Amino acid sequence: QTLSRNDFRIKNFPKAWFASVNGGFNLYYGDLDLQMLLSDRFVPALDIAVGKWINPYWGVRMQYAGLKGKGINDEPTDFTGDVPDYGQSYVEQFNYMNLRVDAFFSFLTLMNSFETDRNFEMLPFVGIGMARAWNGKASNMSPSFTMGLENRFRISNQLDVNFEFKGTIVGDKLEGVVKEVGSPGEGVLTTTLGFTYKFVGNGSSRPRHSSKVRR
């Protein structure tokens, strides 16, 4: 059977919602963080998302990404203690979140065709949002830009296992200190693993027999 793009929208649009939960690690990149051992900089990460396929080629989602951030500074800030605790530097630790909207794309469908029984998906995505870093003393916010790749492995009509890697650019002020020299922005690298649940009602969000979308 061959489906047109319009047929897909009509038959599957109400059933194309999904939700995902991932856990993993954040790695914050501030002005001086490269002076800290890599093994000392990993902190927990949590991703929670709700999204919708628009057609077989792309979709949108809203994602909360964050949990913790960690780095160092050469002076005390609202996110550090009052005395050096990492050589002559100060360890920064803060709560972190990035709430944003992503557009994602099915790489395999764009390169080939839509297959309803595909067991693996590669979903590159880009997103914009607002990031926040805070603790009991301070709260800073910055616009954010994110790019990444999500790989999904189909377990059933309703459940996928997903592995996601993304990089986020935020403003220099997010951790509370703006240096006169160095990069005007900072970054967060995130790697997570989790599950995607597809809200498919009484059947799959895609027909169970093999079909293709006519371009």
# chains A, B, ... in the order shown; residues from 1 in each chain; ligands from 1
call {"tool": "select_by_dssp", "arguments": {"residues": "range 33-211 of chain A", "states": "strand (DSSP E)", "output": "compact mmCIF listing (two decimals) with N, CA and C atoms, in the first residue's frame"}}
result
# COMPACT_ATOMS: atom_id res chain seq x y z
N VAL A 43 27.76 15.36 36.08
CA VAL A 43 26.66 15.46 37.05
C VAL A 43 25.41 14.84 36.43
N PRO A 44 24.42 14.47 37.24
CA PRO A 44 23.23 13.81 36.71
C PRO A 44 22.42 14.71 35.78
N ALA A 45 21.78 14.07 34.80
CA ALA A 45 20.90 14.77 33.86
C ALA A 45 19.56 14.05 33.79
N LEU A 46 18.52 14.82 33.54
CA LEU A 46 17.16 14.28 33.39
C LEU A 46 16.49 15.00 32.24
N ASP A 47 15.91 14.23 31.31
CA ASP A 47 15.13 14.78 30.18
C ASP A 47 13.70 14.26 30.26
N ILE A 48 12.74 15.17 30.13
CA ILE A 48 11.32 14.81 30.05
C ILE A 48 10.72 15.56 28.87
N ALA A 49 10.08 14.85 27.95
CA ALA A 49 9.59 15.49 26.72
C ALA A 49 8.20 14.98 26.35
N VAL A 50 7.46 15.86 25.68
CA VAL A 50 6.19 15.51 25.05
C VAL A 50 6.23 16.06 23.64
N GLY A 51 5.87 15.24 22.65
CA GLY A 51 5.97 15.70 21.27
C GLY A 51 4.93 15.10 20.36
N LYS A 52 5.01 15.50 19.10
CA LYS A 52 4.01 15.05 18.12
C LYS A 52 4.65 15.02 16.73
N TRP A 53 4.46 13.93 16.03
CA TRP A 53 4.84 13.86 14.62
C TRP A 53 3.85 14.69 13.81
N ILE A 54 4.37 15.56 12.95
CA ILE A 54 3.51 16.35 12.06
C ILE A 54 3.20 15.57 10.79
N ASN A 55 4.22 14.91 10.25
CA ASN A 55 4.07 14.00 9.12
C ASN A 55 5.24 13.02 9.21
N TRP A 58 8.93 14.91 9.83
CA TRP A 58 9.37 15.75 10.93
C TRP A 58 8.27 15.90 11.97
N GLY A 59 8.68 16.39 13.12
CA GLY A 59 7.75 16.62 14.21
C GLY A 59 8.29 17.67 15.16
N VAL A 60 7.56 17.93 16.22
CA VAL A 60 7.97 18.91 17.23
C VAL A 60 7.81 18.30 18.61
N ARG A 61 8.58 18.82 19.55
CA ARG A 61 8.44 18.38 20.94
C ARG A 61 8.82 19.52 21.87
N MET A 62 8.33 19.47 23.09
CA MET A 62 8.77 20.35 24.15
C MET A 62 9.52 19.49 25.16
N GLN A 63 10.72 19.94 25.55
CA GLN A 63 11.54 19.14 26.45
C GLN A 63 12.05 19.96 27.63
N TYR A 64 11.92 19.38 28.81
CA TYR A 64 12.67 19.84 29.98
C TYR A 64 13.96 19.03 30.00
N ALA A 65 15.11 19.73 30.01
CA ALA A 65 16.40 19.06 30.11
C ALA A 65 17.19 19.75 31.22
N GLY A 66 17.79 18.97 32.09
CA GLY A 66 18.57 19.62 33.13
C GLY A 66 18.90 18.71 34.29
N LEU A 67 18.79 19.25 35.46
CA LEU A 67 18.98 18.68 36.78
C LEU A 67 20.14 19.39 37.48
N LYS A 68 21.42 19.13 37.05
CA LYS A 68 22.55 19.70 37.77
C LYS A 68 23.60 20.26 36.81
N GLY A 69 24.39 21.21 37.30
CA GLY A 69 25.54 21.73 36.60
C GLY A 69 26.70 21.89 37.57
N LYS A 70 27.93 21.79 37.03
CA LYS A 70 29.11 21.86 37.89
C LYS A 70 30.30 22.37 37.11
N GLY A 71 31.13 23.19 37.75
CA GLY A 71 32.34 23.70 37.13
C GLY A 71 33.22 24.34 38.19
N ILE A 72 34.15 25.19 37.74
CA ILE A 72 35.01 25.91 38.68
C ILE A 72 35.12 27.37 38.26
N ASN A 73 35.55 28.20 39.21
CA ASN A 73 35.81 29.61 38.93
C ASN A 73 37.02 30.04 39.74
N TYR A 90 37.46 27.68 42.94
CA TYR A 90 36.22 27.47 43.68
C TYR A 90 35.29 26.59 42.85
N VAL A 91 34.78 25.54 43.45
CA VAL A 91 33.86 24.65 42.75
C VAL A 91 32.47 25.27 42.71
N GLU A 92 31.91 25.35 41.50
CA GLU A 92 30.54 25.83 41.32
C GLU A 92 29.61 24.63 41.18
N GLN A 93 28.50 24.66 41.89
CA GLN A 93 27.46 23.64 41.75
C GLN A 93 26.11 24.33 41.80
N PHE A 94 25.22 23.94 40.88
CA PHE A 94 23.94 24.63 40.80
C PHE A 94 22.90 23.71 40.17
N ASN A 95 21.65 24.02 40.43
CA ASN A 95 20.55 23.38 39.72
C ASN A 95 20.47 23.97 38.32
N TYR A 96 20.13 23.12 37.36
CA TYR A 96 20.13 23.56 35.97
C TYR A 96 18.91 23.02 35.25
N MET A 97 18.34 23.86 34.39
CA MET A 97 17.26 23.39 33.52
C MET A 97 17.29 24.16 32.21
N ASN A 98 16.82 23.51 31.15
CA ASN A 98 16.69 24.13 29.84
C ASN A 98 15.33 23.71 29.29
N LEU A 99 14.39 24.63 29.26
CA LEU A 99 13.06 24.35 28.74
C LEU A 99 12.97 24.92 27.34
N ARG A 100 12.69 24.04 26.35
CA ARG A 100 12.78 24.50 24.97
C ARG A 100 11.81 23.74 24.08
N VAL A 101 11.70 24.22 22.84
CA VAL A 101 10.91 23.58 21.78
C VAL A 101 11.87 23.12 20.69
N ASP A 102 11.76 21.86 20.29
CA ASP A 102 12.61 21.27 19.25
C ASP A 102 11.81 20.96 18.00
N ALA A 103 12.46 21.05 16.86
CA ALA A 103 11.99 20.43 15.62
C ALA A 103 12.92 19.27 15.32
N PHE A 104 12.35 18.08 15.10
CA PHE A 104 13.17 16.91 14.81
C PHE A 104 12.77 16.33 13.45
N PHE A 105 13.70 15.56 12.87
CA PHE A 105 13.53 15.07 11.51
C PHE A 105 13.92 13.60 11.45
N PHE A 120 14.46 1.05 13.70
CA PHE A 120 15.47 2.00 14.14
C PHE A 120 15.23 3.34 13.47
N GLU A 121 15.30 4.41 14.27
CA GLU A 121 15.14 5.76 13.75
C GLU A 121 16.33 6.63 14.19
N MET A 122 16.80 7.49 13.27
CA MET A 122 17.78 8.52 13.60
C MET A 122 17.08 9.87 13.47
N LEU A 123 17.02 10.61 14.59
CA LEU A 123 16.26 11.84 14.63
C LEU A 123 17.15 13.03 15.02
N PRO A 124 17.80 13.69 14.05
CA PRO A 124 18.49 14.93 14.38
C PRO A 124 17.47 16.01 14.74
N PHE A 125 17.87 16.92 15.64
CA PHE A 125 16.93 17.95 16.08
C PHE A 125 17.66 19.25 16.39
N VAL A 126 16.92 20.35 16.32
CA VAL A 126 17.40 21.67 16.73
C VAL A 126 16.30 22.29 17.58
N GLY A 127 16.71 23.13 18.54
CA GLY A 127 15.71 23.72 19.41
C GLY A 127 16.18 25.03 20.01
N ILE A 128 15.21 25.86 20.42
CA ILE A 128 15.49 27.10 21.13
C ILE A 128 14.66 27.11 22.41
N GLY A 129 15.19 27.80 23.41
CA GLY A 129 14.46 27.84 24.67
C GLY A 129 15.10 28.80 25.64
N MET A 130 14.83 28.57 26.93
CA MET A 130 15.40 29.37 28.01
C MET A 130 16.05 28.43 29.01
N ALA A 131 17.28 28.76 29.39
CA ALA A 131 18.01 27.99 30.39
C ALA A 131 18.04 28.76 31.70
N ARG A 132 18.09 28.00 32.80
CA ARG A 132 18.13 28.62 34.13
C ARG A 132 19.13 27.87 35.00
N ALA A 133 19.93 28.62 35.75
CA ALA A 133 20.82 28.06 36.77
C ALA A 133 20.49 28.73 38.09
N TRP A 134 20.35 27.93 39.15
CA TRP A 134 19.92 28.52 40.42
C TRP A 134 20.32 27.66 41.61
N SER A 139 19.58 33.17 41.02
CA SER A 139 18.92 32.54 39.88
C SER A 139 19.24 33.34 38.64
N ASN A 140 19.85 32.68 37.63
CA ASN A 140 20.22 33.34 36.38
C ASN A 140 19.54 32.64 35.21
N MET A 141 19.17 33.42 34.20
CA MET A 141 18.52 32.87 33.02
C MET A 141 19.21 33.34 31.75
N SER A 142 19.09 32.53 30.69
CA SER A 142 19.71 32.86 29.42
C SER A 142 18.96 32.15 28.30
N PRO A 143 18.85 32.78 27.12
CA PRO A 143 18.35 32.05 25.95
C PRO A 143 19.28 30.88 25.64
N SER A 144 18.74 29.85 25.02
CA SER A 144 19.53 28.66 24.70
C SER A 144 19.27 28.21 23.28
N PHE A 145 20.29 27.60 22.69
CA PHE A 145 20.18 26.98 21.37
C PHE A 145 20.76 25.58 21.47
N THR A 146 20.01 24.58 21.00
CA THR A 146 20.40 23.18 21.16
C THR A 146 20.38 22.46 19.83
N MET A 147 21.38 21.61 19.60
CA MET A 147 21.41 20.68 18.48
C MET A 147 21.76 19.30 19.02
N GLY A 148 21.18 18.26 18.42
CA GLY A 148 21.49 16.93 18.90
C GLY A 148 20.98 15.84 17.98
N LEU A 149 21.14 14.61 18.45
CA LEU A 149 20.70 13.43 17.71
C LEU A 149 20.09 12.44 18.69
N GLU A 150 18.89 11.98 18.36
CA GLU A 150 18.24 10.92 19.13
C GLU A 150 18.14 9.67 18.27
N ASN A 151 18.59 8.55 18.81
CA ASN A 151 18.44 7.25 18.15
C ASN A 151 17.37 6.45 18.87
N ARG A 152 16.39 5.98 18.15
CA ARG A 152 15.30 5.22 18.74
C ARG A 152 15.32 3.78 18.23
N PHE A 153 15.14 2.85 19.16
CA PHE A 153 15.08 1.43 18.85
C PHE A 153 13.69 0.93 19.24
N ARG A 154 12.97 0.44 18.27
CA ARG A 154 11.58 0.04 18.50
C ARG A 154 11.51 -1.27 19.29
N LEU A 159 6.31 1.32 22.44
CA LEU A 159 7.48 1.61 23.25
C LEU A 159 8.77 1.56 22.44
N ASP A 160 9.60 2.61 22.62
CA ASP A 160 10.94 2.67 22.04
C ASP A 160 11.97 2.86 23.15
N VAL A 161 13.17 2.35 22.92
CA VAL A 161 14.33 2.72 23.73
C VAL A 161 15.08 3.79 22.96
N ASN A 162 15.46 4.88 23.63
CA ASN A 162 16.13 5.96 22.93
C ASN A 162 17.43 6.36 23.61
N PHE A 163 18.41 6.69 22.77
CA PHE A 163 19.72 7.19 23.20
C PHE A 163 19.90 8.57 22.58
N GLU A 164 20.16 9.58 23.42
CA GLU A 164 20.20 10.95 22.93
C GLU A 164 21.51 11.63 23.32
N PHE A 165 22.09 12.37 22.37
CA PHE A 165 23.27 13.18 22.61
C PHE A 165 23.00 14.58 22.08
N LYS A 166 23.27 15.61 22.89
CA LYS A 166 23.00 16.98 22.45
C LYS A 166 23.98 17.95 23.06
N GLY A 167 24.14 19.08 22.36
CA GLY A 167 24.94 20.19 22.84
C GLY A 167 24.10 21.44 22.89
N THR A 168 24.25 22.22 23.97
CA THR A 168 23.47 23.43 24.17
C THR A 168 24.39 24.62 24.38
N ILE A 169 24.11 25.72 23.71
CA ILE A 169 24.84 26.97 23.89
C ILE A 169 23.97 27.92 24.70
N VAL A 170 24.56 28.48 25.76
CA VAL A 170 23.87 29.44 26.62
C VAL A 170 24.74 30.69 26.77
N GLY A 171 24.18 31.74 27.35
CA GLY A 171 24.92 32.96 27.56
C GLY A 171 25.96 32.83 28.66
N GLY A 185 29.93 32.87 25.20
CA GLY A 185 28.91 31.90 25.56
C GLY A 185 29.51 30.73 26.31
N GLU A 186 28.63 29.90 26.84
CA GLU A 186 29.03 28.68 27.51
C GLU A 186 28.19 27.54 26.95
N GLY A 187 28.51 26.32 27.35
CA GLY A 187 27.82 25.19 26.76
C GLY A 187 27.56 24.07 27.73
N VAL A 188 26.67 23.18 27.31
CA VAL A 188 26.34 21.98 28.08
C VAL A 188 26.27 20.81 27.11
N LEU A 189 27.03 19.77 27.36
CA LEU A 189 26.92 18.52 26.63
C LEU A 189 26.14 17.53 27.47
N THR A 190 25.20 16.84 26.85
CA THR A 190 24.32 15.92 27.58
C THR A 190 24.20 14.60 26.84
N THR A 191 24.33 13.50 27.57
CA THR A 191 24.10 12.16 27.03
C THR A 191 23.11 11.45 27.92
N THR A 192 22.03 10.94 27.32
CA THR A 192 20.99 10.28 28.11
C THR A 192 20.47 9.03 27.42
N LEU A 193 19.87 8.16 28.22
CA LEU A 193 19.26 6.91 27.75
C LEU A 193 17.92 6.77 28.43
N GLY A 194 16.89 6.35 27.67
CA GLY A 194 15.57 6.21 28.28
C GLY A 194 14.56 5.56 27.36
N PHE A 195 13.28 5.92 27.57
CA PHE A 195 12.17 5.29 26.87
C PHE A 195 11.24 6.33 26.29
N THR A 196 10.65 6.00 25.16
CA THR A 196 9.59 6.80 24.55
C THR A 196 8.32 5.96 24.49
N TYR A 197 7.24 6.53 25.01
CA TYR A 197 5.93 5.87 24.96
C TYR A 197 5.08 6.58 23.91
N LYS A 198 4.51 5.81 22.99
CA LYS A 198 3.70 6.37 21.91
C LYS A 198 2.22 6.16 22.24
call {"tool": "select_by_dssp", "arguments": {"residues": "chain A", "states": "helix (DSSP H, G or I)", "output": "list of chain:residue names"}}
result
A:Arg5, A:Asn6, A:Asp7, A:Phe8, A:Arg9, A:Ile10, A:Lys11, A:Asn12, A:Phe13, A:Pro14, A:Lys15, A:Asp33, A:Leu34, A:Gln35, A:Leu38, A:Ser39, A:Asp40, A:Phe107, A:Leu108, A:Thr109, A:Leu110, A:Met111, A:Asp172, A:Lys173, A:Leu174, A:Glu175
call {"tool": "write_last_selection", "arguments": {"atoms": "N, CA and C atoms", "output": "PDB file, in the first residue's frame"}}
result
ATOM      1  N   ARG A   5       1.341  11.942   1.612  1.00  0.00           N
ATOM      2  CA  ARG A   5       1.561  12.700   2.845  1.00  0.00           C
ATOM      3  C   ARG A   5       0.228  13.119   3.464  1.00  0.00           C
ATOM      4  N   ASN A   6      -0.720  13.516   2.632  1.00  0.00           N
ATOM      5  CA  ASN A   6      -2.015  13.936   3.127  1.00  0.00           C
ATOM      6  C   ASN A   6      -2.747  12.782   3.807  1.00  0.00           C
ATOM      7  N   ASP A   7      -2.656  11.576   3.218  1.00  0.00           N
ATOM      8  CA  ASP A   7      -3.281  10.403   3.838  1.00  0.00           C
ATOM      9  C   ASP A   7      -2.690  10.143   5.216  1.00  0.00           C
ATOM     10  N   PHE A   8      -1.374  10.296   5.324  1.00  0.00           N
ATOM     11  CA  PHE A   8      -0.741  10.068   6.624  1.00  0.00           C
ATOM     12  C   PHE A   8      -1.272  11.051   7.656  1.00  0.00           C
ATOM     13  N   ARG A   9      -1.346  12.333   7.292  1.00  0.00           N
ATOM     14  CA  ARG A   9      -1.841  13.338   8.232  1.00  0.00           C
ATOM     15  C   ARG A   9      -3.257  13.015   8.690  1.00  0.00           C
ATOM     16  N   ILE A  10      -4.119  12.652   7.740  1.00  0.00           N
ATOM     17  CA  ILE A  10      -5.520  12.390   8.066  1.00  0.00           C
ATOM     18  C   ILE A  10      -5.660  11.157   8.957  1.00  0.00           C
ATOM     19  N   LYS A  11      -4.939  10.077   8.622  1.00  0.00           N
ATOM     20  CA  LYS A  11      -5.119   8.815   9.323  1.00  0.00           C
ATOM     21  C   LYS A  11      -4.353   8.742  10.631  1.00  0.00           C
ATOM     22  N   ASN A  12      -3.261   9.488  10.776  1.00  0.00           N
ATOM     23  CA  ASN A  12      -2.391   9.304  11.919  1.00  0.00           C
ATOM     24  C   ASN A  12      -2.186  10.528  12.801  1.00  0.00           C
ATOM     25  N   PHE A  13      -2.587  11.691  12.341  1.00  0.00           N
ATOM     26  CA  PHE A  13      -2.353  12.896  13.124  1.00  0.00           C
ATOM     27  C   PHE A  13      -2.897  12.808  14.542  1.00  0.00           C
ATOM     28  N   PRO A  14      -4.131  12.324  14.790  1.00  0.00           N
ATOM     29  CA  PRO A  14      -4.636  12.268  16.169  1.00  0.00           C
ATOM     30  C   PRO A  14      -3.892  11.257  17.042  1.00  0.00           C
ATOM     31  N   LYS A  15      -3.129  10.325  16.445  1.00  0.00           N
ATOM     32  CA  LYS A  15      -2.505   9.246  17.212  1.00  0.00           C
ATOM     33  C   LYS A  15      -0.989   9.394  17.311  1.00  0.00           C
ATOM     34  N   ASP A  33      36.333  25.877  33.055  1.00  0.00           N
ATOM     35  CA  ASP A  33      36.020  24.494  33.448  1.00  0.00           C
ATOM     36  C   ASP A  33      36.997  23.474  32.886  1.00  0.00           C
ATOM     37  N   LEU A  34      37.711  23.817  31.817  1.00  0.00           N
ATOM     38  CA  LEU A  34      38.690  22.877  31.270  1.00  0.00           C
ATOM     39  C   LEU A  34      39.875  22.669  32.221  1.00  0.00           C
ATOM     40  N   GLN A  35      40.003  23.539  33.213  1.00  0.00           N
ATOM     41  CA  GLN A  35      41.046  23.366  34.209  1.00  0.00           C
ATOM     42  C   GLN A  35      40.669  22.317  35.261  1.00  0.00           C
ATOM     43  N   LEU A  38      38.108  16.080  33.961  1.00  0.00           N
ATOM     44  CA  LEU A  38      36.869  15.688  33.303  1.00  0.00           C
ATOM     45  C   LEU A  38      36.016  14.807  34.199  1.00  0.00           C
ATOM     46  N   SER A  39      36.650  13.885  34.902  1.00  0.00           N
ATOM     47  CA  SER A  39      35.909  12.954  35.760  1.00  0.00           C
ATOM     48  C   SER A  39      35.213  13.656  36.923  1.00  0.00           C
ATOM     49  N   ASP A  40      35.667  14.869  37.273  1.00  0.00           N
ATOM     50  CA  ASP A  40      35.057  15.615  38.378  1.00  0.00           C
ATOM     51  C   ASP A  40      33.879  16.471  37.927  1.00  0.00           C
ATOM     52  N   PHE A 107      15.800  11.143   9.718  1.00  0.00           N
ATOM     53  CA  PHE A 107      16.886  11.111   8.725  1.00  0.00           C
ATOM     54  C   PHE A 107      16.669   9.990   7.718  1.00  0.00           C
ATOM     55  N   LEU A 108      16.271   8.805   8.171  1.00  0.00           N
ATOM     56  CA  LEU A 108      16.119   7.670   7.263  1.00  0.00           C
ATOM     57  C   LEU A 108      14.953   7.865   6.301  1.00  0.00           C
ATOM     58  N   THR A 109      13.887   8.510   6.767  1.00  0.00           N
ATOM     59  CA  THR A 109      12.765   8.776   5.873  1.00  0.00           C
ATOM     60  C   THR A 109      13.128   9.835   4.839  1.00  0.00           C
ATOM     61  N   LEU A 110      13.847  10.868   5.263  1.00  0.00           N
ATOM     62  CA  LEU A 110      14.256  11.903   4.323  1.00  0.00           C
ATOM     63  C   LEU A 110      15.199  11.360   3.262  1.00  0.00           C
ATOM     64  N   MET A 111      16.076  10.424   3.656  1.00  0.00           N
ATOM     65  CA  MET A 111      17.050   9.871   2.724  1.00  0.00           C
ATOM     66  C   MET A 111      16.478   8.754   1.851  1.00  0.00           C
ATOM     67  N   ASP A 172      26.969  33.675  28.590  1.00  0.00           N
ATOM     68  CA  ASP A 172      28.084  33.640  29.536  1.00  0.00           C
ATOM     69  C   ASP A 172      27.626  33.914  30.967  1.00  0.00           C
ATOM     70  N   LYS A 173      26.507  34.610  31.119  1.00  0.00           N
ATOM     71  CA  LYS A 173      26.061  35.008  32.445  1.00  0.00           C
ATOM     72  C   LYS A 173      25.327  33.905  33.198  1.00  0.00           C
ATOM     73  N   LEU A 174      25.095  32.751  32.571  1.00  0.00           N
ATOM     74  CA  LEU A 174      24.251  31.743  33.210  1.00  0.00           C
ATOM     75  C   LEU A 174      24.827  31.292  34.546  1.00  0.00           C
ATOM     76  N   GLU A 175      26.155  31.089  34.634  1.00  0.00           N
ATOM     77  CA  GLU A 175      26.748  30.664  35.888  1.00  0.00           C
ATOM     78  C   GLU A 175      27.091  31.832  36.802  1.00  0.00           C
TER      79      GLU A 175
END
call {"tool": "residues_around", "arguments": {"residues": "Asp78 in chain A", "least_positions_apart": "6", "cutoff": "8 Å", "atoms": "only C-alpha atoms", "output": "number ranges by chain"}}
result
A: 137-138, 176
call {"tool": "write_last_selection", "arguments": {"atoms": "N, CA and C atoms", "output": "mmCIF file, in the first residue's frame"}}
result
data_model
loop_
_atom_site.group_PDB
_atom_site.id
_atom_site.type_symbol
_atom_site.label_atom_id
_atom_site.label_comp_id
_atom_site.auth_asym_id
_atom_site.auth_seq_id
_atom_site.Cartn_x
_atom_site.Cartn_y
_atom_site.Cartn_z
ATOM 1 N N LYS A 137 20.642 31.004 46.724
ATOM 2 C CA LYS A 137 21.087 32.397 46.795
ATOM 3 C C LYS A 137 20.867 33.181 45.517
ATOM 4 N N ALA A 138 20.847 32.524 44.375
ATOM 5 C CA ALA A 138 20.790 33.252 43.105
ATOM 6 C C ALA A 138 20.041 32.448 42.058
ATOM 7 N N GLY A 176 26.731 33.047 36.393
ATOM 8 C CA GLY A 176 26.837 34.191 37.288
ATOM 9 C C GLY A 176 28.056 35.060 37.122
#
call {"tool": "closest_residue", "arguments": {"among": "A:Gly23, A:Asn157, A:Tyr29, A:Trp17", "to": "Pro184 in chain A", "atoms": "only C-alpha atoms"}}
result
A:Tyr29
